[in-house]
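The data block below is coords_25.cif; it holds mmCIF, C-alpha atoms.
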data_final
#
loop_
_atom_site.group_PDB
_atom_site.id
_atom_site.type_symbol
_atom_site.label_atom_id
_atom_site.label_comp_id
_atom_site.auth_asym_id
_atom_site.auth_seq_id
_atom_site.Cartn_x
_atom_site.Cartn_y
_atom_site.Cartn_z
ATOM 1 C CA MET A 1 -107.082 15.056 -16.440
ATOM 2 C CA SER A 2 -109.978 13.330 -18.213
ATOM 3 C CA ILE A 3 -110.802 13.145 -21.902
ATOM 4 C CA LEU A 4 -114.205 14.529 -20.872
ATOM 5 C CA ASP A 5 -112.777 17.811 -19.565
ATOM 6 C CA ASN A 6 -113.924 20.826 -21.592
ATOM 7 C CA ARG A 7 -115.853 18.583 -23.960
ATOM 8 C CA PRO A 8 -119.497 19.014 -22.902
ATOM 9 C CA ALA A 9 -121.035 16.948 -25.731
ATOM 10 C CA LEU A 10 -118.775 13.979 -25.039
ATOM 11 C CA ALA A 11 -119.268 14.365 -21.282
ATOM 12 C CA ARG A 12 -123.057 14.308 -21.789
ATOM 13 C CA GLU A 13 -122.781 11.145 -23.882
ATOM 14 C CA VAL A 14 -120.710 9.325 -21.267
ATOM 15 C CA GLY A 15 -122.905 10.747 -18.497
ATOM 16 C CA GLN A 16 -125.955 9.233 -20.192
ATOM 17 C CA VAL A 17 -124.197 5.863 -20.252
ATOM 18 C CA ALA A 18 -123.523 6.214 -16.517
ATOM 19 C CA GLU A 19 -127.169 7.103 -15.889
ATOM 20 C CA VAL A 20 -128.410 4.051 -17.802
ATOM 21 C CA ALA A 21 -125.908 1.830 -15.997
ATOM 22 C CA GLY A 22 -127.464 2.949 -12.713
ATOM 23 C CA TYR A 23 -130.954 2.138 -13.959
ATOM 24 C CA LEU A 24 -129.844 -1.340 -15.058
ATOM 25 C CA TRP A 25 -128.439 -2.072 -11.599
ATOM 26 C CA GLN A 26 -131.493 -0.670 -9.797
ATOM 27 C CA LYS A 27 -133.804 -2.856 -11.863
ATOM 28 C CA GLY A 28 -131.809 -5.998 -11.105
ATOM 29 C CA TRP A 29 -130.845 -6.394 -14.757
ATOM 30 C CA ALA A 30 -127.083 -6.139 -14.164
ATOM 31 C CA GLU A 31 -125.961 -8.589 -11.506
ATOM 32 C CA ARG A 32 -122.237 -8.586 -10.691
ATOM 33 C CA ASN A 33 -120.488 -7.613 -13.958
ATOM 34 C CA GLY A 34 -123.457 -8.572 -16.135
ATOM 35 C CA GLY A 35 -124.332 -6.583 -19.224
ATOM 36 C CA ASN A 36 -122.422 -4.417 -21.673
ATOM 37 C CA ILE A 37 -122.653 -0.997 -23.289
ATOM 38 C CA THR A 38 -120.775 0.258 -26.345
ATOM 39 C CA VAL A 39 -121.369 3.699 -27.869
ATOM 40 C CA ASN A 40 -119.960 5.135 -31.093
ATOM 41 C CA ILE A 41 -118.631 8.556 -30.004
ATOM 42 C CA THR A 42 -116.815 9.422 -33.242
ATOM 43 C CA GLU A 43 -118.954 12.514 -33.849
ATOM 44 C CA HIS A 44 -117.700 13.999 -30.564
ATOM 45 C CA VAL A 45 -114.013 13.400 -31.287
ATOM 46 C CA ASP A 46 -111.864 16.460 -32.016
ATOM 47 C CA ASP A 47 -108.331 16.794 -33.370
ATOM 48 C CA ALA A 48 -106.844 16.802 -29.887
ATOM 49 C CA ILE A 49 -108.437 13.425 -29.129
ATOM 50 C CA ARG A 50 -107.252 12.038 -32.463
ATOM 51 C CA ALA A 51 -103.720 13.046 -31.513
ATOM 52 C CA LEU A 52 -103.796 11.270 -28.158
ATOM 53 C CA PRO A 53 -101.229 8.486 -27.812
ATOM 54 C CA ALA A 54 -102.352 4.949 -27.088
ATOM 55 C CA ILE A 55 -102.203 3.746 -23.483
ATOM 56 C CA SER A 56 -102.390 0.076 -24.470
ATOM 57 C CA GLU A 57 -100.859 -2.242 -26.988
ATOM 58 C CA PRO A 58 -102.913 -2.802 -30.143
ATOM 59 C CA LYS A 59 -105.552 -5.459 -29.473
ATOM 60 C CA ALA A 60 -106.952 -7.776 -32.129
ATOM 61 C CA ILE A 61 -110.699 -7.517 -32.701
ATOM 62 C CA GLY A 62 -110.848 -11.003 -34.204
ATOM 63 C CA ALA A 63 -112.342 -9.795 -37.469
ATOM 64 C CA THR A 64 -111.766 -7.094 -40.052
ATOM 65 C CA LEU A 65 -114.542 -4.492 -39.836
ATOM 66 C CA PRO A 66 -113.975 -2.042 -42.707
ATOM 67 C CA HIS A 67 -116.767 0.381 -41.847
ATOM 68 C CA LEU A 68 -115.191 1.154 -38.466
ATOM 69 C CA LYS A 69 -112.054 2.801 -39.870
ATOM 70 C CA GLY A 70 -111.474 6.045 -37.989
ATOM 71 C CA CYS A 71 -114.135 5.301 -35.369
ATOM 72 C CA TYR A 72 -113.952 5.820 -31.620
ATOM 73 C CA PHE A 73 -116.055 4.039 -28.992
ATOM 74 C CA TYR A 74 -116.779 4.306 -25.297
ATOM 75 C CA CYS A 75 -116.936 0.771 -23.887
ATOM 76 C CA LYS A 76 -117.802 -0.726 -20.536
ATOM 77 C CA GLY A 77 -114.787 -2.516 -19.072
ATOM 78 C CA THR A 78 -114.471 -6.255 -18.736
ATOM 79 C CA ASN A 79 -115.375 -7.581 -15.270
ATOM 80 C CA LYS A 80 -116.649 -4.115 -14.317
ATOM 81 C CA ARG A 81 -119.954 -3.656 -12.516
ATOM 82 C CA MET A 82 -122.737 -1.450 -13.845
ATOM 83 C CA ARG A 83 -123.260 -0.029 -10.364
ATOM 84 C CA ASP A 84 -119.635 1.131 -10.354
ATOM 85 C CA LEU A 85 -119.789 2.446 -13.911
ATOM 86 C CA ALA A 86 -122.778 4.554 -12.843
ATOM 87 C CA ARG A 87 -120.581 6.378 -10.325
ATOM 88 C CA TRP A 88 -117.199 6.315 -12.058
ATOM 89 C CA PRO A 89 -117.691 5.828 -15.820
ATOM 90 C CA MET A 90 -114.096 6.588 -16.795
ATOM 91 C CA GLU A 91 -112.692 4.195 -14.206
ATOM 92 C CA ASN A 92 -114.969 1.368 -15.294
ATOM 93 C CA GLY A 93 -114.935 1.991 -19.007
ATOM 94 C CA SER A 94 -112.578 3.362 -21.617
ATOM 95 C CA VAL A 95 -112.349 5.095 -24.978
ATOM 96 C CA ILE A 96 -110.888 3.041 -27.813
ATOM 97 C CA ARG A 97 -109.710 3.917 -31.295
ATOM 98 C CA ILE A 98 -110.074 1.543 -34.250
ATOM 99 C CA LEU A 99 -106.780 1.300 -36.143
ATOM 100 C CA ASP A 100 -106.495 1.779 -39.882
ATOM 101 C CA ASP A 101 -106.327 -1.953 -40.557
ATOM 102 C CA CYS A 102 -109.855 -2.210 -39.101
ATOM 103 C CA ALA A 103 -108.766 -5.390 -37.332
ATOM 104 C CA HIS A 104 -107.191 -3.905 -34.192
ATOM 105 C CA TYR A 105 -108.018 -1.257 -31.603
ATOM 106 C CA GLU A 106 -106.123 0.579 -28.886
ATOM 107 C CA ILE A 107 -107.205 2.257 -25.663
ATOM 108 C CA ILE A 108 -106.616 6.015 -25.556
ATOM 109 C CA ALA A 109 -108.408 7.218 -22.386
ATOM 110 C CA ASP A 110 -108.721 7.663 -19.473
ATOM 111 C CA LEU A 111 -107.201 4.504 -18.004
ATOM 112 C CA PRO A 112 -106.106 1.229 -19.645
ATOM 113 C CA VAL A 113 -109.409 -0.466 -18.766
ATOM 114 C CA MET A 114 -109.838 -3.460 -21.054
ATOM 115 C CA PRO A 115 -113.205 -3.371 -22.827
ATOM 116 C CA THR A 116 -115.806 -6.080 -22.368
ATOM 117 C CA SER A 117 -114.954 -9.541 -23.641
ATOM 118 C CA GLU A 118 -118.024 -9.195 -25.873
ATOM 119 C CA LEU A 119 -116.481 -6.186 -27.645
ATOM 120 C CA PRO A 120 -115.981 -8.079 -30.946
ATOM 121 C CA SER A 121 -119.725 -8.816 -31.058
ATOM 122 C CA HIS A 122 -120.620 -5.204 -30.293
ATOM 123 C CA LEU A 123 -118.168 -3.861 -32.875
ATOM 124 C CA ALA A 124 -119.497 -6.271 -35.503
ATOM 125 C CA VAL A 125 -122.973 -4.867 -34.879
ATOM 126 C CA HIS A 126 -121.711 -1.278 -35.181
ATOM 127 C CA ASN A 127 -119.926 -2.185 -38.415
ATOM 128 C CA TYR A 128 -123.244 -3.519 -39.746
ATOM 129 C CA LEU A 129 -125.150 -0.404 -38.633
ATOM 130 C CA ILE A 130 -122.706 1.930 -40.372
ATOM 131 C CA SER A 131 -122.790 -0.208 -43.521
ATOM 132 C CA LYS A 132 -126.554 0.261 -43.655
ATOM 133 C CA GLY A 133 -126.396 4.011 -43.077
ATOM 134 C CA SER A 134 -128.183 3.603 -39.757
ATOM 135 C CA PRO A 135 -128.296 6.560 -37.328
ATOM 136 C CA TYR A 136 -127.955 4.134 -34.420
ATOM 137 C CA LYS A 137 -124.841 4.738 -32.292
ATOM 138 C CA ALA A 138 -125.506 2.758 -29.097
ATOM 139 C CA SER A 139 -125.643 -0.942 -28.299
ATOM 140 C CA LEU A 140 -126.886 -2.394 -25.019
ATOM 141 C CA HIS A 141 -126.801 -5.906 -23.634
ATOM 142 C CA THR A 142 -128.602 -6.548 -20.342
ATOM 143 C CA HIS A 143 -130.564 -9.194 -18.430
ATOM 144 C CA PRO A 144 -134.200 -8.054 -17.918
ATOM 145 C CA ILE A 145 -135.711 -10.576 -15.533
ATOM 146 C CA GLU A 146 -139.188 -11.071 -16.972
ATOM 147 C CA LEU A 147 -138.121 -11.205 -20.618
ATOM 148 C CA VAL A 148 -135.428 -13.762 -19.798
ATOM 149 C CA ALA A 149 -138.012 -15.787 -17.857
ATOM 150 C CA MET A 150 -140.297 -15.834 -20.901
ATOM 151 C CA SER A 151 -137.422 -17.102 -23.055
ATOM 152 C CA HIS A 152 -137.465 -20.366 -21.070
ATOM 153 C CA CYS A 153 -140.849 -21.216 -22.651
ATOM 154 C CA LYS A 154 -140.672 -22.639 -26.176
ATOM 155 C CA LYS A 155 -143.896 -21.078 -27.434
ATOM 156 C CA TYR A 156 -142.522 -17.580 -26.876
ATOM 157 C CA LEU A 157 -139.482 -18.416 -28.988
ATOM 158 C CA GLU A 158 -141.560 -18.853 -32.120
ATOM 159 C CA LYS A 159 -141.298 -15.946 -34.542
ATOM 160 C CA ASP A 160 -143.273 -12.879 -33.390
ATOM 161 C CA VAL A 161 -145.299 -14.790 -30.774
ATOM 162 C CA ALA A 162 -143.691 -12.800 -27.940
ATOM 163 C CA THR A 163 -143.970 -9.585 -29.969
ATOM 164 C CA ARG A 164 -147.718 -10.040 -30.466
ATOM 165 C CA LEU A 165 -148.215 -10.854 -26.785
ATOM 166 C CA LEU A 166 -146.126 -7.956 -25.497
ATOM 167 C CA TRP A 167 -147.721 -5.448 -27.871
ATOM 168 C CA SER A 168 -151.139 -6.526 -26.614
ATOM 169 C CA MET A 169 -150.463 -5.882 -22.927
ATOM 170 C CA ILE A 170 -150.434 -2.070 -23.017
ATOM 171 C CA PRO A 171 -150.816 0.362 -25.952
ATOM 172 C CA GLU A 172 -147.495 2.123 -25.374
ATOM 173 C CA THR A 173 -145.519 -1.016 -26.223
ATOM 174 C CA LYS A 174 -146.528 -1.045 -29.879
ATOM 175 C CA ALA A 175 -146.191 2.743 -30.033
ATOM 176 C CA PHE A 176 -142.656 2.849 -28.645
ATOM 177 C CA CYS A 177 -141.381 -0.557 -29.863
ATOM 178 C CA PRO A 178 -143.042 -0.746 -33.289
ATOM 179 C CA ARG A 179 -140.519 -3.234 -34.691
ATOM 180 C CA GLY A 180 -141.141 -5.739 -31.905
ATOM 181 C CA LEU A 181 -138.769 -8.302 -30.444
ATOM 182 C CA GLY A 182 -136.461 -10.567 -32.446
ATOM 183 C CA ILE A 183 -135.739 -14.056 -31.115
ATOM 184 C CA ILE A 184 -132.336 -15.753 -31.114
ATOM 185 C CA PRO A 185 -132.047 -19.399 -30.002
ATOM 186 C CA TYR A 186 -129.468 -20.097 -27.331
ATOM 187 C CA GLN A 187 -125.853 -19.629 -28.390
ATOM 188 C CA LEU A 188 -122.652 -19.479 -26.357
ATOM 189 C CA PRO A 189 -122.310 -15.964 -24.864
ATOM 190 C CA GLY A 190 -119.713 -13.908 -26.700
ATOM 191 C CA SER A 191 -119.499 -16.334 -29.620
ATOM 192 C CA ASN A 192 -119.228 -15.328 -33.265
ATOM 193 C CA ILE A 193 -122.390 -17.244 -34.120
ATOM 194 C CA LEU A 194 -124.332 -15.235 -31.521
ATOM 195 C CA ALA A 195 -123.030 -11.999 -33.059
ATOM 196 C CA GLU A 196 -123.927 -13.170 -36.561
ATOM 197 C CA SER A 197 -127.419 -14.213 -35.461
ATOM 198 C CA THR A 198 -127.949 -10.861 -33.755
ATOM 199 C CA ILE A 199 -126.879 -8.909 -36.838
ATOM 200 C CA LYS A 200 -129.285 -10.937 -38.959
ATOM 201 C CA GLU A 201 -132.203 -10.158 -36.633
ATOM 202 C CA LEU A 202 -131.318 -6.454 -36.456
ATOM 203 C CA GLY A 203 -132.448 -6.171 -40.047
ATOM 204 C CA ASP A 204 -136.031 -6.432 -38.780
ATOM 205 C CA TYR A 205 -135.862 -5.593 -35.057
ATOM 206 C CA ASP A 206 -134.218 -3.031 -32.756
ATOM 207 C CA VAL A 207 -134.289 -5.391 -29.762
ATOM 208 C CA THR A 208 -133.430 -9.091 -29.802
ATOM 209 C CA LEU A 209 -134.043 -11.649 -27.069
ATOM 210 C CA TRP A 210 -131.229 -14.116 -26.523
ATOM 211 C CA GLU A 211 -132.797 -17.333 -25.249
ATOM 212 C CA LYS A 212 -132.046 -17.981 -21.548
ATOM 213 C CA HIS A 213 -129.578 -15.085 -21.488
ATOM 214 C CA GLY A 214 -130.768 -11.515 -22.020
ATOM 215 C CA VAL A 215 -131.494 -8.905 -24.651
ATOM 216 C CA PHE A 216 -129.458 -6.884 -27.105
ATOM 217 C CA ALA A 217 -130.760 -3.496 -28.233
ATOM 218 C CA VAL A 218 -129.550 -0.781 -30.597
ATOM 219 C CA GLU A 219 -130.729 2.805 -30.909
ATOM 220 C CA ALA A 220 -129.604 6.358 -31.666
ATOM 221 C CA ASP A 221 -128.343 6.781 -28.100
ATOM 222 C CA ILE A 222 -128.056 4.595 -25.026
ATOM 223 C CA MET A 223 -131.106 6.088 -23.289
ATOM 224 C CA GLN A 224 -133.350 5.221 -26.218
ATOM 225 C CA ALA A 225 -131.928 1.702 -26.308
ATOM 226 C CA PHE A 226 -132.715 1.372 -22.592
ATOM 227 C CA ASP A 227 -136.229 2.761 -23.142
ATOM 228 C CA GLN A 228 -137.039 0.078 -25.709
ATOM 229 C CA VAL A 229 -136.000 -2.708 -23.344
ATOM 230 C CA ASP A 230 -137.788 -1.039 -20.428
ATOM 231 C CA VAL A 231 -141.070 -0.802 -22.334
ATOM 232 C CA LEU A 232 -140.924 -4.399 -23.550
ATOM 233 C CA ASN A 233 -140.095 -5.704 -20.088
ATOM 234 C CA LYS A 234 -142.967 -3.696 -18.563
ATOM 235 C CA SER A 235 -145.326 -5.604 -20.859
ATOM 236 C CA ALA A 236 -143.754 -8.877 -19.735
ATOM 237 C CA GLN A 237 -144.280 -7.814 -16.109
ATOM 238 C CA ILE A 238 -147.959 -7.057 -16.782
ATOM 239 C CA TYR A 239 -148.440 -10.445 -18.412
ATOM 240 C CA ILE A 240 -146.722 -12.301 -15.582
ATOM 241 C CA ALA A 241 -148.618 -10.293 -12.949
ATOM 242 C CA ALA A 242 -151.930 -11.301 -14.536
ATOM 243 C CA LYS A 243 -150.850 -14.957 -14.657
ATOM 244 C CA ASN A 244 -149.846 -14.755 -10.984
ATOM 245 C CA MET A 245 -153.331 -13.437 -10.206
ATOM 246 C CA GLY A 246 -154.696 -16.646 -11.689
ATOM 247 C CA PHE A 247 -155.965 -15.645 -15.117
ATOM 248 C CA GLU A 248 -154.820 -15.349 -18.722
ATOM 249 C CA PRO A 249 -154.920 -11.651 -19.664
ATOM 250 C CA ASP A 250 -157.158 -10.808 -22.616
ATOM 251 C CA GLY A 251 -154.688 -8.432 -24.222
ATOM 252 C CA MET A 252 -155.596 -5.917 -26.886
ATOM 253 C CA THR A 253 -157.455 -7.326 -29.885
ATOM 254 C CA ASP A 254 -156.045 -7.267 -33.408
ATOM 255 C CA ALA A 255 -158.557 -4.535 -34.240
ATOM 256 C CA GLN A 256 -157.378 -2.413 -31.316
ATOM 257 C CA MET A 257 -153.748 -2.839 -32.303
ATOM 258 C CA HIS A 258 -154.553 -1.980 -35.931
ATOM 259 C CA GLU A 259 -156.219 1.184 -34.657
ATOM 260 C CA MET A 260 -152.984 2.005 -32.795
ATOM 261 C CA THR A 261 -150.943 1.395 -35.938
ATOM 262 C CA VAL A 262 -153.078 3.788 -37.989
ATOM 263 C CA ALA A 263 -153.393 6.480 -35.302
ATOM 264 C CA PHE A 264 -149.656 6.603 -34.542
ATOM 265 C CA LYS A 265 -148.543 5.939 -38.161
ATOM 266 C CA LEU A 266 -146.566 2.889 -37.061
ATOM 267 C CA PRO A 267 -144.915 0.328 -39.364
ATOM 268 C CA LYS A 268 -147.392 -2.361 -40.413
#

Can you present the structure in this file as structure tokens?
Amino acid sequence: MSILDNRPALAREVGQVAEVAGYLWQKGWAERNGGNITVNITEHVDDAIRALPAISEPKAIGATLPHLKGCYFYCKGTNKRMRDLARWPMENGSVIRILDDCAHYEIIADLPVMPTSELPSHLAVHNYLISKGSPYKASLHTHPIELVAMSHCKKYLEKDVATRLLWSMIPETKAFCPRGLGIIPYQLPGSNILAESTIKELGDYDVTLWEKHGVFAVEADIMQAFDQVDVLNKSAQIYIAAKNMGFEPDGMTDAQMHEMTVAFKLPK
């Protein structure tokens, strides 16, 4: 029996994660066990789920995260492949409960699949989001090819240079990613300093680019987080395609982008 049985809202949430996992694999953004997804599912948790016994020993988060007390998360499993999660989400991910000390968690369903090794970073981000009253419930880390390629060039790592370029490639990018792309210099994957840097950037951006590594995105649900990355990477593809054709693309002018901002009532 699965925790998803007879719980259509929770099943839809996990099903959306599985759908996005398939897209990530199809796009080549999730090689081997690359990438992670963590979703706050607390709103879909009923009394029967709260009463479920743990199926793992308590695990230390590595930090005390007070805003996560009473929260539940669906997490991709460590060393699990996105292509497998797409087919069998409850065999390649698990539901965890944050304990009352806010420093430990335990697995409650369906199987004792250990969450991603980057779970502390993801949980730190969710703790920050809740502290700010954010409606965002989903966090996504993935490796979009063209955006990662751009991060190997120093000029695109300057503040808002990549944002301005990507917005200028196609109108939809500014419309659907109005906060642009935050930049984080290279840090050791899974490290506390990478998590801290990401949280700092999430004050101004919904998507951050980790130099030579990948992106981290937050949104209200996992599909919207995927959409933001997808739109930004499409702009990177357009730019690279033009360069491969032998010319520097003109891009939209500042006046054209200002027109977009006014017409769509976007943040300035």

Using the chain letters and numbers from this file, what does the PyMOL selection byres ((chain A and resi 202) around 12) select? Give the answer as a PyMOL selection string. chain A and resi 124-126+128-129+132+134+136+139+179-184+195-201+203-209+216-219

Which of these residues is nearest to Met82 (chain A), using all atoms listed in the file: A:Leu24, A:Ile145, A:Ala60, A:Ala175? A:Leu24

Identify which of the residues A:Ile108, A:Ala51, A:Ala63, A:Ile37 lies closest to Asn192 (chain A), counting all atoms listed in the file when measuring atom-to-atom distances.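 Closest to Asn192 (chain A) of all the choices is A:Ala63.
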
Care to translate the PyMOL selection byres ((chain A and resi 16) around 12) into actual residues of this file, as an NGL selection string? :A and (9-15 or 17-23 or 37 or 39 or 74 or 85-87 or 89 or 138 or 221-226)

Extract, using all atoms listed in the file, all DNA, RNA and protein residues at most 6 Å from region 243-256 of chain A, discarding same-chain residues fewer than 3 positions from it, and format them as a list in words. Ser168, Met169, Ile240 and Glu259 of chain A

Would you output that residue set with C-alpha atoms, as a short mmCIF file (atom, residue, chain, number, x, y, z; two decimals), in the frame of the given file?
data_model
loop_
_atom_site.label_atom_id
_atom_site.label_comp_id
_atom_site.auth_asym_id
_atom_site.auth_seq_id
_atom_site.Cartn_x
_atom_site.Cartn_y
_atom_site.Cartn_z
CA SER A 168 -151.14 -6.53 -26.61
CA MET A 169 -150.46 -5.88 -22.93
CA ILE A 240 -146.72 -12.30 -15.58
CA GLU A 259 -156.22 1.18 -34.66
#

Output as JSON the centre and edge lengths (Å, one decimal) of the box along x, y and z of the file that holds every listed atom of region 44-58 of chain A after adding 5 Å on each side.
{"center_x": -109.3, "center_y": 7.0, "center_z": -28.4, "size_x": 26.8, "size_y": 29.6, "size_z": 19.9}

Spell out the residues picked by the PyMOL selection byres ((chain A and resi 170) around 12) here, as a PyMOL selection string. chain A and resi 164-169+171-177+231-239+249-253+256-257+260

Interatomic distance between CA of Pro185 (chain A) and CA of His213 (chain A)?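 So the two atoms, CA of Pro185 (chain A) and CA of His213 (chain A), lie 9.9 Å apart.
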
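Picture a line from CA of Ala103 (chain A) to CA of Cys71 (chain A); it runs 12.1 Å.
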
Report the distance between CA of Lys155 (chain A) and CA of Gly190 (chain A) in Å, rounded to one decimal place. 25.2 Å

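Nearest to Lys268 (chain A) of all the residues A:Pro178, A:Val215, A:Pro189, A:Met150 is A:Pro178, counting all atoms listed in the file.
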
Near region 75-79 of chain A, 8 Å: region 85-199 of chain A residue rows, closest pairs, only C-alpha atoms, as a tab-separated table:
residue	atom	partner	partner_atom	distance
A:Leu85	CA	A:Lys76	CA	7.6
A:Asn92	CA	A:Gly77	CA	5.4
A:Gly93	CA	A:Lys76	CA	4.2
A:Ser94	CA	A:Cys75	CA	5.6
A:Val95	CA	A:Cys75	CA	6.4
A:Ile96	CA	A:Cys75	CA	7.6
A:Val113	CA	A:Gly77	CA	5.8
A:Met114	CA	A:Gly77	CA	5.4
A:Pro115	CA	A:Gly77	CA	4.2
A:Thr116	CA	A:Thr78	CA	3.9
A:Ser117	CA	A:Thr78	CA	5.9
A:Leu119	CA	A:Cys75	CA	7.9

Would you kindly identify which residues have an atom no farther than 8 Å from (-124.0, -6.6, -15.6), using all atoms listed in the file and the file's own coordinates, and write them out as a list in words?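 Neighbouring residues, ordered by chain and number, come to Leu24, Trp25, Trp29, Ala30, Glu31, Arg32, Asn33, Gly34, Gly35, Asn36, Lys80, Arg81, Met82, Thr142 and His143 of chain A.
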
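Among the candidates A:Pro144, A:Gly214, A:Gly28, A:Pro66, the residue lying nearest to His104 (chain A) is A:Pro66 (atoms considered: only C-alpha atoms).
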
Find the spatial neighbours of Glu43 (chain A), counting only C-alpha atoms, within a cut-off of 9 Å - ignore same-chain residues fewer than 2 positions away - and output them as a list of chain:residue names. A:Leu10, A:Asn40, A:Ile41, A:Val45, A:Asp46, A:Cys71, A:Tyr72

Could you complete region 142-149 of chain A so that it carries all heavy atoms, and give it back as a PDB file, in the frame of the given file?
ATOM      1  N   THR A 142    -128.239  -6.485 -21.753  1.00  0.00           N
ATOM      2  CA  THR A 142    -128.602  -6.548 -20.342  1.00  0.00           C
ATOM      3  C   THR A 142    -129.506  -7.749 -20.099  1.00  0.00           C
ATOM      4  O   THR A 142    -129.886  -8.449 -21.043  1.00  0.00           O
ATOM      5  CB  THR A 142    -129.264  -5.227 -19.902  1.00  0.00           C
ATOM      6  OG1 THR A 142    -129.398  -5.194 -18.480  1.00  0.00           O
ATOM      7  CG2 THR A 142    -130.630  -5.029 -20.550  1.00  0.00           C
ATOM      8  N   HIS A 143    -129.843  -7.987 -18.817  1.00  0.00           N
ATOM      9  CA  HIS A 143    -130.564  -9.194 -18.430  1.00  0.00           C
ATOM     10  C   HIS A 143    -131.903  -8.854 -17.757  1.00  0.00           C
ATOM     11  O   HIS A 143    -132.051  -9.026 -16.543  1.00  0.00           O
ATOM     12  CB  HIS A 143    -129.705 -10.018 -17.461  1.00  0.00           C
ATOM     13  CG  HIS A 143    -128.339 -10.352 -17.965  1.00  0.00           C
ATOM     14  ND1 HIS A 143    -127.266 -10.599 -17.133  1.00  0.00           N
ATOM     15  CD2 HIS A 143    -127.872 -10.485 -19.234  1.00  0.00           C
ATOM     16  CE1 HIS A 143    -126.197 -10.872 -17.851  1.00  0.00           C
ATOM     17  NE2 HIS A 143    -126.535 -10.805 -19.125  1.00  0.00           N
ATOM     18  N   PRO A 144    -132.895  -8.378 -18.504  1.00  0.00           N
ATOM     19  CA  PRO A 144    -134.200  -8.054 -17.918  1.00  0.00           C
ATOM     20  C   PRO A 144    -134.916  -9.322 -17.450  1.00  0.00           C
ATOM     21  O   PRO A 144    -135.134 -10.244 -18.239  1.00  0.00           O
ATOM     22  CB  PRO A 144    -134.954  -7.353 -19.043  1.00  0.00           C
ATOM     23  CG  PRO A 144    -134.286  -7.807 -20.287  1.00  0.00           C
ATOM     24  CD  PRO A 144    -132.875  -8.121 -19.950  1.00  0.00           C
ATOM     25  N   ILE A 145    -135.288  -9.343 -16.195  1.00  0.00           N
ATOM     26  CA  ILE A 145    -135.711 -10.576 -15.533  1.00  0.00           C
ATOM     27  C   ILE A 145    -136.907 -11.235 -16.225  1.00  0.00           C
ATOM     28  O   ILE A 145    -136.887 -12.433 -16.542  1.00  0.00           O
ATOM     29  CB  ILE A 145    -136.036 -10.299 -14.057  1.00  0.00           C
ATOM     30  CG1 ILE A 145    -134.767  -9.791 -13.346  1.00  0.00           C
ATOM     31  CG2 ILE A 145    -136.576 -11.547 -13.368  1.00  0.00           C
ATOM     32  CD1 ILE A 145    -135.034  -9.143 -11.996  1.00  0.00           C
ATOM     33  N   GLU A 146    -137.962 -10.469 -16.454  1.00  0.00           N
ATOM     34  CA  GLU A 146    -139.188 -11.071 -16.972  1.00  0.00           C
ATOM     35  C   GLU A 146    -139.048 -11.530 -18.422  1.00  0.00           C
ATOM     36  O   GLU A 146    -139.578 -12.579 -18.821  1.00  0.00           O
ATOM     37  CB  GLU A 146    -140.352 -10.078 -16.831  1.00  0.00           C
ATOM     38  CG  GLU A 146    -140.841  -9.903 -15.396  1.00  0.00           C
ATOM     39  CD  GLU A 146    -139.953  -8.994 -14.545  1.00  0.00           C
ATOM     40  OE1 GLU A 146    -139.047  -8.329 -15.120  1.00  0.00           O
ATOM     41  OE2 GLU A 146    -140.158  -8.927 -13.327  1.00  0.00           O
ATOM     42  N   LEU A 147    -138.329 -10.769 -19.238  1.00  0.00           N
ATOM     43  CA  LEU A 147    -138.121 -11.205 -20.618  1.00  0.00           C
ATOM     44  C   LEU A 147    -137.273 -12.476 -20.673  1.00  0.00           C
ATOM     45  O   LEU A 147    -137.555 -13.386 -21.459  1.00  0.00           O
ATOM     46  CB  LEU A 147    -137.459 -10.095 -21.443  1.00  0.00           C
ATOM     47  CG  LEU A 147    -138.360  -8.911 -21.810  1.00  0.00           C
ATOM     48  CD1 LEU A 147    -137.549  -7.827 -22.494  1.00  0.00           C
ATOM     49  CD2 LEU A 147    -139.514  -9.352 -22.711  1.00  0.00           C
ATOM     50  N   VAL A 148    -136.238 -12.544 -19.837  1.00  0.00           N
ATOM     51  CA  VAL A 148    -135.428 -13.762 -19.798  1.00  0.00           C
ATOM     52  C   VAL A 148    -136.272 -14.943 -19.335  1.00  0.00           C
ATOM     53  O   VAL A 148    -136.169 -16.054 -19.875  1.00  0.00           O
ATOM     54  CB  VAL A 148    -134.198 -13.576 -18.893  1.00  0.00           C
ATOM     55  CG1 VAL A 148    -133.445 -14.898 -18.736  1.00  0.00           C
ATOM     56  CG2 VAL A 148    -133.265 -12.519 -19.467  1.00  0.00           C
ATOM     57  N   ALA A 149    -137.136 -14.715 -18.336  1.00  0.00           N
ATOM     58  CA  ALA A 149    -138.012 -15.787 -17.857  1.00  0.00           C
ATOM     59  C   ALA A 149    -138.893 -16.316 -18.990  1.00  0.00           C
ATOM     60  O   ALA A 149    -139.055 -17.530 -19.154  1.00  0.00           O
ATOM     61  CB  ALA A 149    -138.873 -15.284 -16.702  1.00  0.00           C
TER      62      ALA A 149
END
